[in-house]
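Coordinates from coords_38.cif are shown below (mmCIF, N, CA and C atoms and all ligand atoms).
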```cif
data_my_file
loop_
_atom_site.label_atom_id
_atom_site.label_comp_id
_atom_site.auth_asym_id
_atom_site.auth_seq_id
_atom_site.Cartn_x
_atom_site.Cartn_y
_atom_site.Cartn_z
N MET A 234 61.75 48.54 35.36
CA MET A 234 60.38 49.02 35.15
C MET A 234 59.41 47.85 35.17
N LEU A 235 58.27 48.07 35.81
CA LEU A 235 57.30 46.98 35.87
C LEU A 235 56.84 46.55 34.50
N SER A 236 56.80 47.50 33.55
CA SER A 236 56.32 47.15 32.21
C SER A 236 57.26 46.19 31.49
N SER A 237 58.48 46.03 32.00
CA SER A 237 59.40 45.06 31.39
C SER A 237 59.04 43.63 31.80
N CYS A 238 58.24 43.50 32.87
CA CYS A 238 57.78 42.18 33.29
C CYS A 238 56.46 41.91 32.58
N ARG A 239 56.31 40.74 32.03
CA ARG A 239 55.07 40.49 31.31
C ARG A 239 54.64 39.04 31.43
N VAL A 240 53.34 38.88 31.28
CA VAL A 240 52.76 37.54 31.28
C VAL A 240 52.84 37.01 29.86
N ILE A 241 53.31 35.79 29.71
CA ILE A 241 53.32 35.19 28.37
C ILE A 241 52.46 33.93 28.35
N ASP A 242 51.79 33.74 27.25
CA ASP A 242 51.00 32.53 27.06
C ASP A 242 51.89 31.48 26.43
N LEU A 243 51.98 30.35 27.09
CA LEU A 243 52.77 29.23 26.59
C LEU A 243 51.88 28.33 25.75
N ARG A 244 52.51 27.55 24.91
CA ARG A 244 51.73 26.64 24.08
C ARG A 244 51.03 25.59 24.94
N LYS A 245 49.88 25.16 24.49
CA LYS A 245 49.19 24.04 25.15
C LYS A 245 48.83 23.03 24.07
N ILE A 246 49.42 21.87 24.15
CA ILE A 246 49.16 20.83 23.17
C ILE A 246 48.20 19.84 23.83
N SER A 247 46.97 19.86 23.34
CA SER A 247 45.92 19.07 23.98
C SER A 247 45.56 17.87 23.12
N ASP A 248 45.34 16.75 23.75
CA ASP A 248 44.72 15.62 23.07
C ASP A 248 43.95 14.84 24.14
N PRO A 249 43.26 13.78 23.76
CA PRO A 249 42.41 13.11 24.76
C PRO A 249 43.18 12.58 25.96
N ARG A 250 44.52 12.47 25.86
CA ARG A 250 45.31 11.97 26.98
C ARG A 250 45.66 13.07 27.98
N GLY A 251 45.35 14.33 27.60
CA GLY A 251 45.67 15.44 28.51
C GLY A 251 46.42 16.53 27.79
N ASN A 252 46.94 17.46 28.56
CA ASN A 252 47.62 18.64 28.00
C ASN A 252 49.12 18.56 28.21
N LEU A 253 49.84 19.19 27.30
CA LEU A 253 51.30 19.24 27.41
C LEU A 253 51.74 20.67 27.07
N THR A 254 52.58 21.24 27.92
CA THR A 254 53.13 22.57 27.64
C THR A 254 54.65 22.49 27.56
N PRO A 255 55.22 22.73 26.37
CA PRO A 255 56.68 22.75 26.25
C PRO A 255 57.20 24.17 26.42
N ILE A 256 58.41 24.30 26.95
CA ILE A 256 59.08 25.61 27.03
C ILE A 256 60.50 25.42 26.54
N GLU A 257 60.85 26.12 25.48
CA GLU A 257 62.20 25.99 24.92
C GLU A 257 62.96 27.30 25.10
N SER A 258 64.22 27.16 25.48
CA SER A 258 65.09 28.33 25.61
C SER A 258 65.09 29.11 24.31
N ASP A 259 65.19 30.42 24.44
CA ASP A 259 65.36 31.35 23.32
C ASP A 259 64.12 31.51 22.44
N SER A 260 63.38 30.43 22.12
CA SER A 260 62.20 30.63 21.28
C SER A 260 60.97 30.97 22.11
N ASP A 261 60.71 30.20 23.17
CA ASP A 261 59.57 30.52 24.04
C ASP A 261 59.93 31.55 25.10
N LEU A 262 61.23 31.71 25.32
CA LEU A 262 61.71 32.60 26.39
C LEU A 262 62.75 33.55 25.82
N PRO A 263 62.90 34.75 26.39
CA PRO A 263 63.95 35.66 25.92
C PRO A 263 65.32 35.38 26.55
N PHE A 264 65.50 34.19 27.12
CA PHE A 264 66.80 33.85 27.69
C PHE A 264 66.99 32.34 27.60
N ALA A 265 68.22 31.91 27.79
CA ALA A 265 68.52 30.48 27.83
C ALA A 265 68.43 30.00 29.27
N VAL A 266 67.77 28.89 29.47
CA VAL A 266 67.55 28.38 30.83
C VAL A 266 68.81 27.68 31.33
N GLN A 267 69.26 28.11 32.50
CA GLN A 267 70.42 27.50 33.15
C GLN A 267 70.03 26.71 34.40
N ARG A 268 68.80 26.96 34.88
CA ARG A 268 68.41 26.37 36.18
C ARG A 268 66.89 26.32 36.26
N ILE A 269 66.40 25.27 36.88
CA ILE A 269 64.97 25.15 37.18
C ILE A 269 64.84 24.82 38.65
N TYR A 270 63.92 25.49 39.33
CA TYR A 270 63.60 25.06 40.69
C TYR A 270 62.11 25.20 40.91
N TYR A 271 61.61 24.55 41.94
CA TYR A 271 60.17 24.63 42.19
C TYR A 271 59.88 24.71 43.67
N LEU A 272 58.80 25.40 43.94
CA LEU A 272 58.30 25.57 45.30
C LEU A 272 57.06 24.72 45.44
N TYR A 273 56.96 23.96 46.50
CA TYR A 273 55.81 23.09 46.70
C TYR A 273 55.66 22.84 48.19
N ASP A 274 54.50 22.29 48.57
CA ASP A 274 54.19 22.12 50.00
C ASP A 274 54.36 23.44 50.75
N VAL A 275 53.95 24.54 50.10
CA VAL A 275 54.04 25.85 50.76
C VAL A 275 52.88 25.95 51.75
N PRO A 276 53.16 26.15 53.03
CA PRO A 276 52.07 26.20 54.02
C PRO A 276 51.13 27.38 53.75
N SER A 277 49.86 27.18 54.05
CA SER A 277 48.88 28.24 53.88
C SER A 277 49.33 29.50 54.63
N GLY A 278 49.24 30.64 53.99
CA GLY A 278 49.61 31.91 54.62
C GLY A 278 51.09 32.25 54.52
N SER A 279 51.87 31.33 53.99
CA SER A 279 53.31 31.57 53.89
C SER A 279 53.61 32.39 52.63
N SER A 280 54.66 33.19 52.68
CA SER A 280 55.07 33.91 51.47
C SER A 280 56.53 33.63 51.17
N ARG A 281 56.87 33.71 49.88
CA ARG A 281 58.22 33.41 49.41
C ARG A 281 58.74 34.64 48.66
N GLY A 282 59.97 34.54 48.22
CA GLY A 282 60.56 35.67 47.52
C GLY A 282 61.02 36.69 48.54
N GLY A 283 60.68 37.97 48.30
CA GLY A 283 61.18 39.00 49.20
C GLY A 283 62.61 39.34 48.86
N HIS A 284 62.86 39.53 47.57
CA HIS A 284 64.19 39.91 47.12
C HIS A 284 64.11 40.38 45.66
N ALA A 285 65.21 40.93 45.17
CA ALA A 285 65.37 41.26 43.75
C ALA A 285 66.67 40.64 43.29
N HIS A 286 66.87 40.65 41.98
CA HIS A 286 68.12 40.13 41.41
C HIS A 286 68.81 41.22 40.61
N ARG A 287 70.12 41.13 40.55
CA ARG A 287 70.89 42.10 39.78
C ARG A 287 70.93 41.74 38.30
N GLN A 288 71.03 40.46 37.99
CA GLN A 288 71.18 40.06 36.58
C GLN A 288 70.20 39.00 36.13
N LEU A 289 69.60 38.32 37.07
CA LEU A 289 68.81 37.13 36.74
C LEU A 289 67.49 37.47 36.06
N HIS A 290 67.19 36.73 35.00
CA HIS A 290 65.86 36.76 34.38
C HIS A 290 65.17 35.45 34.75
N GLN A 291 63.87 35.52 34.99
CA GLN A 291 63.14 34.33 35.40
C GLN A 291 61.78 34.26 34.72
N LEU A 292 61.31 33.04 34.55
CA LEU A 292 59.91 32.80 34.17
C LEU A 292 59.28 32.00 35.29
N ILE A 293 58.16 32.49 35.81
CA ILE A 293 57.47 31.82 36.92
C ILE A 293 56.15 31.26 36.39
N VAL A 294 55.91 29.99 36.69
CA VAL A 294 54.70 29.32 36.20
C VAL A 294 54.01 28.60 37.36
N ALA A 295 52.70 28.77 37.47
CA ALA A 295 51.92 27.99 38.42
C ALA A 295 51.53 26.70 37.70
N VAL A 296 52.35 25.68 37.80
CA VAL A 296 52.03 24.45 37.06
C VAL A 296 50.88 23.69 37.72
N SER A 297 50.59 24.02 38.97
CA SER A 297 49.42 23.48 39.64
C SER A 297 48.92 24.52 40.64
N GLY A 298 47.61 24.67 40.76
CA GLY A 298 47.06 25.61 41.72
C GLY A 298 47.30 27.05 41.33
N SER A 299 47.37 27.91 42.33
CA SER A 299 47.51 29.34 42.06
C SER A 299 48.26 30.04 43.18
N PHE A 300 48.81 31.19 42.85
CA PHE A 300 49.43 32.09 43.83
C PHE A 300 49.54 33.46 43.20
N ASP A 301 49.82 34.45 44.02
CA ASP A 301 49.98 35.83 43.55
C ASP A 301 51.45 36.21 43.57
N VAL A 302 51.88 36.94 42.55
CA VAL A 302 53.23 37.49 42.53
C VAL A 302 53.10 39.01 42.61
N VAL A 303 53.63 39.60 43.67
CA VAL A 303 53.62 41.05 43.82
C VAL A 303 54.95 41.57 43.29
N LEU A 304 54.87 42.44 42.28
CA LEU A 304 56.06 43.01 41.65
C LEU A 304 56.20 44.47 42.08
N ASP A 305 57.44 44.91 42.32
CA ASP A 305 57.69 46.25 42.83
C ASP A 305 58.99 46.74 42.18
N ASP A 306 58.92 47.87 41.45
CA ASP A 306 60.14 48.41 40.82
C ASP A 306 60.72 49.57 41.61
N GLY A 307 60.19 49.79 42.83
CA GLY A 307 60.66 50.89 43.66
C GLY A 307 59.78 52.12 43.53
N PHE A 308 58.91 52.11 42.53
CA PHE A 308 58.01 53.24 42.31
C PHE A 308 56.56 52.82 42.37
N GLU A 309 56.28 51.64 41.84
CA GLU A 309 54.91 51.13 41.90
C GLU A 309 54.93 49.63 42.13
N ARG A 310 53.79 49.15 42.58
CA ARG A 310 53.60 47.73 42.89
C ARG A 310 52.42 47.22 42.12
N LYS A 311 52.49 45.98 41.65
CA LYS A 311 51.28 45.35 41.15
C LYS A 311 51.30 43.87 41.45
N SER A 312 50.11 43.33 41.59
CA SER A 312 49.97 41.91 41.92
C SER A 312 49.40 41.17 40.73
N ILE A 313 50.02 40.06 40.40
CA ILE A 313 49.58 39.25 39.27
C ILE A 313 49.26 37.86 39.79
N THR A 314 48.06 37.39 39.51
CA THR A 314 47.69 36.04 39.90
C THR A 314 48.07 35.07 38.80
N LEU A 315 48.82 34.04 39.17
CA LEU A 315 49.14 32.98 38.21
C LEU A 315 48.30 31.77 38.57
N ASN A 316 47.55 31.28 37.62
CA ASN A 316 46.66 30.14 37.90
C ASN A 316 46.42 29.26 36.69
N PHE A 317 47.29 29.36 35.69
CA PHE A 317 47.20 28.46 34.54
C PHE A 317 48.58 27.87 34.26
N PRO A 318 48.67 26.55 34.02
CA PRO A 318 49.98 25.95 33.74
C PRO A 318 50.57 26.37 32.39
N ASN A 319 49.75 27.00 31.56
CA ASN A 319 50.28 27.44 30.26
C ASN A 319 50.40 28.96 30.20
N ARG A 320 50.62 29.55 31.38
CA ARG A 320 50.84 31.00 31.44
C ARG A 320 52.03 31.24 32.34
N GLY A 321 52.95 32.12 31.93
CA GLY A 321 54.13 32.38 32.74
C GLY A 321 54.35 33.87 32.91
N LEU A 322 55.01 34.22 33.99
CA LEU A 322 55.35 35.62 34.26
C LEU A 322 56.86 35.80 34.12
N LEU A 323 57.25 36.66 33.19
CA LEU A 323 58.67 36.98 33.02
C LEU A 323 59.05 38.10 33.96
N ILE A 324 60.12 37.90 34.71
CA ILE A 324 60.60 38.93 35.64
C ILE A 324 62.04 39.28 35.28
N VAL A 325 62.30 40.55 35.12
CA VAL A 325 63.62 41.06 34.71
C VAL A 325 64.40 41.48 35.96
N PRO A 326 65.68 41.82 35.82
CA PRO A 326 66.46 42.26 36.97
C PRO A 326 65.90 43.55 37.63
N TYR A 327 66.27 43.74 38.88
CA TYR A 327 65.92 44.92 39.67
C TYR A 327 64.41 45.09 39.85
N ILE A 328 63.73 43.95 40.02
CA ILE A 328 62.32 43.96 40.40
C ILE A 328 62.20 43.18 41.70
N TRP A 329 61.69 43.86 42.72
CA TRP A 329 61.42 43.18 44.00
C TRP A 329 60.17 42.33 43.81
N ARG A 330 60.21 41.08 44.27
CA ARG A 330 59.04 40.23 44.11
C ARG A 330 58.72 39.48 45.40
N GLU A 331 57.40 39.33 45.63
CA GLU A 331 56.92 38.51 46.74
C GLU A 331 55.86 37.58 46.21
N LEU A 332 55.93 36.33 46.61
CA LEU A 332 54.95 35.33 46.18
C LEU A 332 54.09 34.98 47.38
N GLU A 333 52.77 35.07 47.22
CA GLU A 333 51.89 34.87 48.37
C GLU A 333 50.56 34.27 47.93
N ASN A 334 49.72 33.97 48.91
CA ASN A 334 48.39 33.38 48.66
C ASN A 334 48.48 32.08 47.87
N PHE A 335 49.41 31.23 48.26
CA PHE A 335 49.52 29.93 47.59
C PHE A 335 48.29 29.08 47.91
N SER A 336 47.66 28.55 46.88
CA SER A 336 46.55 27.63 47.13
C SER A 336 47.11 26.29 47.59
N SER A 337 46.27 25.54 48.25
CA SER A 337 46.70 24.23 48.77
C SER A 337 47.15 23.34 47.61
N GLY A 338 48.32 22.76 47.74
CA GLY A 338 48.82 21.84 46.71
C GLY A 338 49.42 22.52 45.50
N SER A 339 49.56 23.86 45.55
CA SER A 339 50.09 24.54 44.37
C SER A 339 51.58 24.27 44.20
N VAL A 340 52.01 24.36 42.95
CA VAL A 340 53.42 24.16 42.62
C VAL A 340 53.87 25.32 41.73
N CYS A 341 54.93 25.96 42.15
CA CYS A 341 55.50 27.10 41.42
C CYS A 341 56.82 26.66 40.80
N VAL A 342 56.86 26.65 39.47
CA VAL A 342 58.10 26.30 38.79
C VAL A 342 58.77 27.58 38.30
N VAL A 343 60.07 27.69 38.53
CA VAL A 343 60.83 28.87 38.10
C VAL A 343 61.93 28.43 37.14
N LEU A 344 61.95 29.03 35.96
CA LEU A 344 63.02 28.82 35.00
C LEU A 344 63.91 30.06 35.08
N ALA A 345 65.20 29.84 35.22
CA ALA A 345 66.10 30.96 35.50
C ALA A 345 67.25 31.00 34.51
N SER A 346 67.74 32.21 34.26
CA SER A 346 68.77 32.41 33.23
C SER A 346 70.18 32.12 33.72
N ALA A 347 70.34 31.83 35.01
CA ALA A 347 71.68 31.56 35.54
C ALA A 347 71.58 30.59 36.71
N LYS A 348 72.69 29.98 37.03
CA LYS A 348 72.75 29.11 38.19
C LYS A 348 72.64 29.94 39.46
N TYR A 349 72.38 29.25 40.55
CA TYR A 349 72.21 29.93 41.83
C TYR A 349 73.49 30.68 42.21
N ASP A 350 73.32 31.96 42.55
CA ASP A 350 74.46 32.78 42.93
C ASP A 350 73.97 33.79 43.97
N GLU A 351 74.31 33.56 45.22
CA GLU A 351 73.80 34.43 46.29
C GLU A 351 74.19 35.88 46.07
N SER A 352 75.32 36.13 45.41
CA SER A 352 75.75 37.52 45.22
C SER A 352 74.88 38.27 44.21
N ASP A 353 74.02 37.54 43.49
CA ASP A 353 73.10 38.19 42.55
C ASP A 353 71.84 38.70 43.26
N TYR A 354 71.66 38.30 44.53
CA TYR A 354 70.44 38.68 45.26
C TYR A 354 70.58 40.04 45.92
N ILE A 355 69.48 40.78 45.95
CA ILE A 355 69.34 41.94 46.85
C ILE A 355 68.22 41.55 47.81
N ARG A 356 68.57 41.27 49.04
CA ARG A 356 67.58 40.74 49.98
C ARG A 356 67.07 41.79 50.96
N ASP A 357 67.63 42.99 50.90
CA ASP A 357 67.20 44.05 51.81
C ASP A 357 66.45 45.12 51.01
N TYR A 358 65.21 45.40 51.44
CA TYR A 358 64.35 46.29 50.64
C TYR A 358 64.91 47.71 50.55
N GLU A 359 65.49 48.22 51.64
CA GLU A 359 66.05 49.58 51.60
C GLU A 359 67.23 49.64 50.62
N THR A 360 68.03 48.60 50.62
CA THR A 360 69.15 48.54 49.67
C THR A 360 68.62 48.53 48.24
N PHE A 361 67.55 47.76 48.03
CA PHE A 361 66.91 47.71 46.70
C PHE A 361 66.46 49.11 46.28
N LEU A 362 65.78 49.82 47.21
CA LEU A 362 65.28 51.16 46.87
C LEU A 362 66.43 52.09 46.52
N ASN A 363 67.54 51.96 47.24
CA ASN A 363 68.70 52.81 46.93
C ASN A 363 69.24 52.56 45.53
N TYR A 364 69.15 51.33 45.07
CA TYR A 364 69.63 51.01 43.72
C TYR A 364 68.71 51.60 42.64
N VAL A 365 67.40 51.47 42.86
CA VAL A 365 66.48 51.80 41.76
C VAL A 365 66.00 53.24 41.76
N ARG A 366 66.19 53.95 42.88
CA ARG A 366 65.68 55.32 42.92
C ARG A 366 66.75 56.34 42.65
P1 LIG B 401 65.18 31.69 48.91
O1 LIG B 401 65.86 32.58 47.94
O2 LIG B 401 64.93 32.22 50.28
O3 LIG B 401 63.80 31.14 48.30
P2 LIG B 401 62.55 32.01 47.77
O4 LIG B 401 63.02 32.79 46.60
O5 LIG B 401 61.55 30.99 47.34
O6 LIG B 401 62.06 32.82 48.91
O7 LIG B 401 66.01 30.34 49.01
C1 LIG B 401 65.82 29.42 50.06
C2 LIG B 401 67.10 28.65 50.25
O8 LIG B 401 67.37 27.82 49.11
C3 LIG B 401 68.32 29.54 50.44
O9 LIG B 401 69.13 28.94 51.43
C4 LIG B 401 69.02 29.48 49.11
C5 LIG B 401 68.65 28.10 48.58
N1 LIG B 401 68.58 28.03 47.11
C6 LIG B 401 69.49 27.24 46.43
O10 LIG B 401 70.38 26.60 47.01
N2 LIG B 401 69.39 27.16 45.07
C7 LIG B 401 68.44 27.82 44.36
O11 LIG B 401 68.37 27.73 43.12
C8 LIG B 401 67.51 28.65 45.10
C9 LIG B 401 66.44 29.42 44.37
C10 LIG B 401 67.62 28.72 46.46
#
```

Please go through the file and, once you have read it, give me the structure as structure tokens.
Amino acid sequence: MLSSCRVIDLRKISDPRGNLTPIESDSDLPFAVQRIYYLYDVPSGSSRGGHAHRQLHQLIVAVSGSFDVVLDDGFERKSITLNFPNRGLLIVPYIWRELENFSSGSVCVVLASAKYDESDYIRDYETFLNYVR
């Protein structure tokens, strides 16, 4: 369900030297982080994602710049713009996601609940619809 995905506000510790945002497993997130990856140097007009996961939980953060995350549970779609380094989008299993409209120089950091496992991916949209409908 799309309502299971939510935007969370992360802490921002500010002082004259700049801002710092910490993210701790279990307390700031509803899962323990097993993997971090990031998308960067995304060409203008390019889109990423285009898949769902069977078990993986993720937190997506625009640590620099902005992009849109389109979420689809097989029944409805919504687009969420991420544009603050202290805001993250939690995505639960069985949600199709597409990331698009990356601003120049943007960086997308993803915290994930498990290590990379290709068998956890659903990369075909019709297959995804068959699972969720
Ligand atoms: P892909 O899932 O297509 O990226 P995105 O979700 O951004 O569209 O992954 C691109 C390639 O990177 C693919 O060959 C799998 C590989 N990959 C890893 O090896 N480890 C990882 O943690 C991730 C996310 C991808």

Determine, using all atoms listed in the file, which residues of chain A have any atom at most 5 Å from an atom of ligand LIG 401 (chain B), and tabulate each with its shortest atom pair and distance in Å to one decimal place, rows ordered by chain and then rising number, as a Markdown table.
```
| residue | atom | partner | partner_atom | distance |
| --- | --- | --- | --- | --- |
| A:Arg281 | C | B:LIG401 | O6 | 3.8 |
| A:Gly282 | N | B:LIG401 | O6 | 2.8 |
| A:Tyr349 | CA | B:LIG401 | O11 | 4.6 |
```

### Task
Find, counting all atoms listed in the file, the residue in A:Asp306, A:Ala347, A:Arg244, A:Ile324 that gets nearest to Ala265 of chain A.
A:Ala347

### Query
Residues around (56.4, 21.5, 42.9), cut-off 6.5 Å, counting only N, CA and C atoms - what are they as a PyMOL selection string?
chain A and resi 271-274+339-342

What would the file look like if the residues just selected were written as a PDB file, in the coordinates of the input with N, CA and C atoms?
```pdb
ATOM      1  N   TYR A 271      61.610  24.550  41.940  1.00  0.00           N
ATOM      2  CA  TYR A 271      60.170  24.630  42.190  1.00  0.00           C
ATOM      3  C   TYR A 271      59.880  24.710  43.670  1.00  0.00           C
ATOM      4  N   LEU A 272      58.800  25.400  43.940  1.00  0.00           N
ATOM      5  CA  LEU A 272      58.300  25.570  45.300  1.00  0.00           C
ATOM      6  C   LEU A 272      57.060  24.720  45.440  1.00  0.00           C
ATOM      7  N   TYR A 273      56.960  23.960  46.500  1.00  0.00           N
ATOM      8  CA  TYR A 273      55.810  23.090  46.700  1.00  0.00           C
ATOM      9  C   TYR A 273      55.660  22.840  48.190  1.00  0.00           C
ATOM     10  N   ASP A 274      54.500  22.290  48.570  1.00  0.00           N
ATOM     11  CA  ASP A 274      54.190  22.120  50.000  1.00  0.00           C
ATOM     12  C   ASP A 274      54.360  23.440  50.750  1.00  0.00           C
ATOM     13  N   SER A 339      49.560  23.860  45.550  1.00  0.00           N
ATOM     14  CA  SER A 339      50.090  24.540  44.370  1.00  0.00           C
ATOM     15  C   SER A 339      51.580  24.270  44.200  1.00  0.00           C
ATOM     16  N   VAL A 340      52.010  24.360  42.950  1.00  0.00           N
ATOM     17  CA  VAL A 340      53.420  24.160  42.620  1.00  0.00           C
ATOM     18  C   VAL A 340      53.870  25.320  41.730  1.00  0.00           C
ATOM     19  N   CYS A 341      54.930  25.960  42.150  1.00  0.00           N
ATOM     20  CA  CYS A 341      55.500  27.100  41.420  1.00  0.00           C
ATOM     21  C   CYS A 341      56.820  26.660  40.800  1.00  0.00           C
ATOM     22  N   VAL A 342      56.860  26.650  39.470  1.00  0.00           N
ATOM     23  CA  VAL A 342      58.100  26.300  38.790  1.00  0.00           C
ATOM     24  C   VAL A 342      58.770  27.580  38.300  1.00  0.00           C
TER      25      VAL A 342
END
```

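Minimum atom-to-atom distance to Ile256 of chain A, evaluated using only C-alpha atoms, belongs to A:Val294 out of A:Ile328, A:Val365, A:Val294, A:Met234.
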
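For the choices A:Gly283, A:Gly298, A:Pro276, A:Pro255, the atom-to-atom distance to Tyr358 of chain A is smallest for A:Gly283 when using only N, CA and C atoms.
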
### Query
Within 8 Å of Ala345 of chain A, counting only C-alpha atoms, which residues qualify if same-chain residues fewer than 6 places away don't, as a list in words?
Val266, Gln267, Arg268, Ile269, Leu289, His290, Gln291 and Leu292 of chain A

Extract, using only N, CA and C atoms, all DNA, RNA and protein residues at most 6.5 Å from Arg287 of chain A, discarding same-chain residues fewer than 4 positions from it, and format them as a compact mmCIF listing (two decimals) with N, CA and C atoms, keeping the file's coordinate frame.
```txt
# COMPACT_ATOMS: atom_id res chain seq x y z
N PRO A 326 65.68 41.82 35.82
CA PRO A 326 66.46 42.26 36.97
C PRO A 326 65.90 43.55 37.63
N TYR A 327 66.27 43.74 38.88
CA TYR A 327 65.92 44.92 39.67
C TYR A 327 64.41 45.09 39.85
N ASP A 353 74.02 37.54 43.49
CA ASP A 353 73.10 38.19 42.55
C ASP A 353 71.84 38.70 43.26
N TYR A 354 71.66 38.30 44.53
CA TYR A 354 70.44 38.68 45.26
C TYR A 354 70.58 40.04 45.92
N ILE A 355 69.48 40.78 45.95
CA ILE A 355 69.34 41.94 46.85
C ILE A 355 68.22 41.55 47.81
```

### Message
as number ranges by chain, please: every residue in chain A that a backbone DSSP assignment puts in strand (DSSP E or B).
### Response
A: 239-242, 246-248, 251-253, 268-272, 281-286, 291-297, 300-305, 310-315, 320-324, 329-333, 340-345, 354-355

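With atom N of Thr314 of chain A on one side and atom CA of Cys238 of chain A on the other, the separation reads 12.5 Å.
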
I'd like the neighbourhood of Glu331 of chain A as a compact mmCIF listing (two decimals) with N, CA and C atoms, in the frame of the given file, where a residue qualifies if any of its atoms comes within 12 Å (using only C-alpha atoms), though same-chain residues fewer than 2 positions away should be ignored.
```
# COMPACT_ATOMS: atom_id res chain seq x y z
N SER A 279 51.87 31.33 53.99
CA SER A 279 53.31 31.57 53.89
C SER A 279 53.61 32.39 52.63
N SER A 280 54.66 33.19 52.68
CA SER A 280 55.07 33.91 51.47
C SER A 280 56.53 33.63 51.17
N ARG A 281 56.87 33.71 49.88
CA ARG A 281 58.22 33.41 49.41
C ARG A 281 58.74 34.64 48.66
N GLY A 282 59.97 34.54 48.22
CA GLY A 282 60.56 35.67 47.52
C GLY A 282 61.02 36.69 48.54
N GLY A 283 60.68 37.97 48.30
CA GLY A 283 61.18 39.00 49.20
C GLY A 283 62.61 39.34 48.86
N HIS A 284 62.86 39.53 47.57
CA HIS A 284 64.19 39.91 47.12
C HIS A 284 64.11 40.38 45.66
N ALA A 285 65.21 40.93 45.17
CA ALA A 285 65.37 41.26 43.75
C ALA A 285 66.67 40.64 43.29
N ILE A 293 58.16 32.49 35.81
CA ILE A 293 57.47 31.82 36.92
C ILE A 293 56.15 31.26 36.39
N PHE A 300 48.81 31.19 42.85
CA PHE A 300 49.43 32.09 43.83
C PHE A 300 49.54 33.46 43.20
N ASP A 301 49.82 34.45 44.02
CA ASP A 301 49.98 35.83 43.55
C ASP A 301 51.45 36.21 43.57
N VAL A 302 51.88 36.94 42.55
CA VAL A 302 53.23 37.49 42.53
C VAL A 302 53.10 39.01 42.61
N VAL A 303 53.63 39.60 43.67
CA VAL A 303 53.62 41.05 43.82
C VAL A 303 54.95 41.57 43.29
N LEU A 304 54.87 42.44 42.28
CA LEU A 304 56.06 43.01 41.65
C LEU A 304 56.20 44.47 42.08
N ASP A 305 57.44 44.91 42.32
CA ASP A 305 57.69 46.25 42.83
C ASP A 305 58.99 46.74 42.18
N ASP A 306 58.92 47.87 41.45
CA ASP A 306 60.14 48.41 40.82
C ASP A 306 60.72 49.57 41.61
N ARG A 310 53.79 49.15 42.58
CA ARG A 310 53.60 47.73 42.89
C ARG A 310 52.42 47.22 42.12
N LYS A 311 52.49 45.98 41.65
CA LYS A 311 51.28 45.35 41.15
C LYS A 311 51.30 43.87 41.45
N SER A 312 50.11 43.33 41.59
CA SER A 312 49.97 41.91 41.92
C SER A 312 49.40 41.17 40.73
N ILE A 313 50.02 40.06 40.40
CA ILE A 313 49.58 39.25 39.27
C ILE A 313 49.26 37.86 39.79
N THR A 314 48.06 37.39 39.51
CA THR A 314 47.69 36.04 39.90
C THR A 314 48.07 35.07 38.80
N ILE A 324 60.12 37.90 34.71
CA ILE A 324 60.60 38.93 35.64
C ILE A 324 62.04 39.28 35.28
N ILE A 328 63.73 43.95 40.02
CA ILE A 328 62.32 43.96 40.40
C ILE A 328 62.20 43.18 41.70
N TRP A 329 61.69 43.86 42.72
CA TRP A 329 61.42 43.18 44.00
C TRP A 329 60.17 42.33 43.81
N GLU A 333 52.77 35.07 47.22
CA GLU A 333 51.89 34.87 48.37
C GLU A 333 50.56 34.27 47.93
N ASN A 334 49.72 33.97 48.91
CA ASN A 334 48.39 33.38 48.66
C ASN A 334 48.48 32.08 47.87
N PHE A 335 49.41 31.23 48.26
CA PHE A 335 49.52 29.93 47.59
C PHE A 335 48.29 29.08 47.91
N ARG A 356 68.57 41.27 49.04
CA ARG A 356 67.58 40.74 49.98
C ARG A 356 67.07 41.79 50.96
N TYR A 358 65.21 45.40 51.44
CA TYR A 358 64.35 46.29 50.64
C TYR A 358 64.91 47.71 50.55
```

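Shortest atom-to-atom contact with Ser336 of chain A among A:Leu253, A:Asp259, A:Ser299, A:Gly278: A:Ser299, counting only N, CA and C atoms.
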
Atoms are missing here; could segment 267-272 of chain A be completed with N, CA, C and O atoms and written as a PDB file, keeping the file's coordinate frame?
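As written to disk, rebuild-v9.pdb reads:
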```
ATOM      1  N   GLN A 267      69.260  28.110  32.500  1.00  0.00           N
ATOM      2  CA  GLN A 267      70.420  27.500  33.150  1.00  0.00           C
ATOM      3  C   GLN A 267      70.030  26.710  34.400  1.00  0.00           C
ATOM      4  O   GLN A 267      70.838  25.961  34.938  1.00  0.00           O
ATOM      5  N   ARG A 268      68.800  26.960  34.880  1.00  0.00           N
ATOM      6  CA  ARG A 268      68.410  26.370  36.180  1.00  0.00           C
ATOM      7  C   ARG A 268      66.890  26.320  36.260  1.00  0.00           C
ATOM      8  O   ARG A 268      66.211  27.227  35.753  1.00  0.00           O
ATOM      9  N   ILE A 269      66.400  25.270  36.880  1.00  0.00           N
ATOM     10  CA  ILE A 269      64.970  25.150  37.180  1.00  0.00           C
ATOM     11  C   ILE A 269      64.840  24.820  38.650  1.00  0.00           C
ATOM     12  O   ILE A 269      65.599  23.991  39.173  1.00  0.00           O
ATOM     13  N   TYR A 270      63.920  25.490  39.330  1.00  0.00           N
ATOM     14  CA  TYR A 270      63.600  25.060  40.690  1.00  0.00           C
ATOM     15  C   TYR A 270      62.110  25.200  40.910  1.00  0.00           C
ATOM     16  O   TYR A 270      61.419  25.849  40.116  1.00  0.00           O
ATOM     17  N   TYR A 271      61.610  24.550  41.940  1.00  0.00           N
ATOM     18  CA  TYR A 271      60.170  24.630  42.190  1.00  0.00           C
ATOM     19  C   TYR A 271      59.880  24.710  43.670  1.00  0.00           C
ATOM     20  O   TYR A 271      60.634  24.209  44.509  1.00  0.00           O
ATOM     21  N   LEU A 272      58.800  25.400  43.940  1.00  0.00           N
ATOM     22  CA  LEU A 272      58.300  25.570  45.300  1.00  0.00           C
ATOM     23  C   LEU A 272      57.060  24.720  45.440  1.00  0.00           C
ATOM     24  O   LEU A 272      56.174  24.773  44.568  1.00  0.00           O
TER      25      LEU A 272
END
```
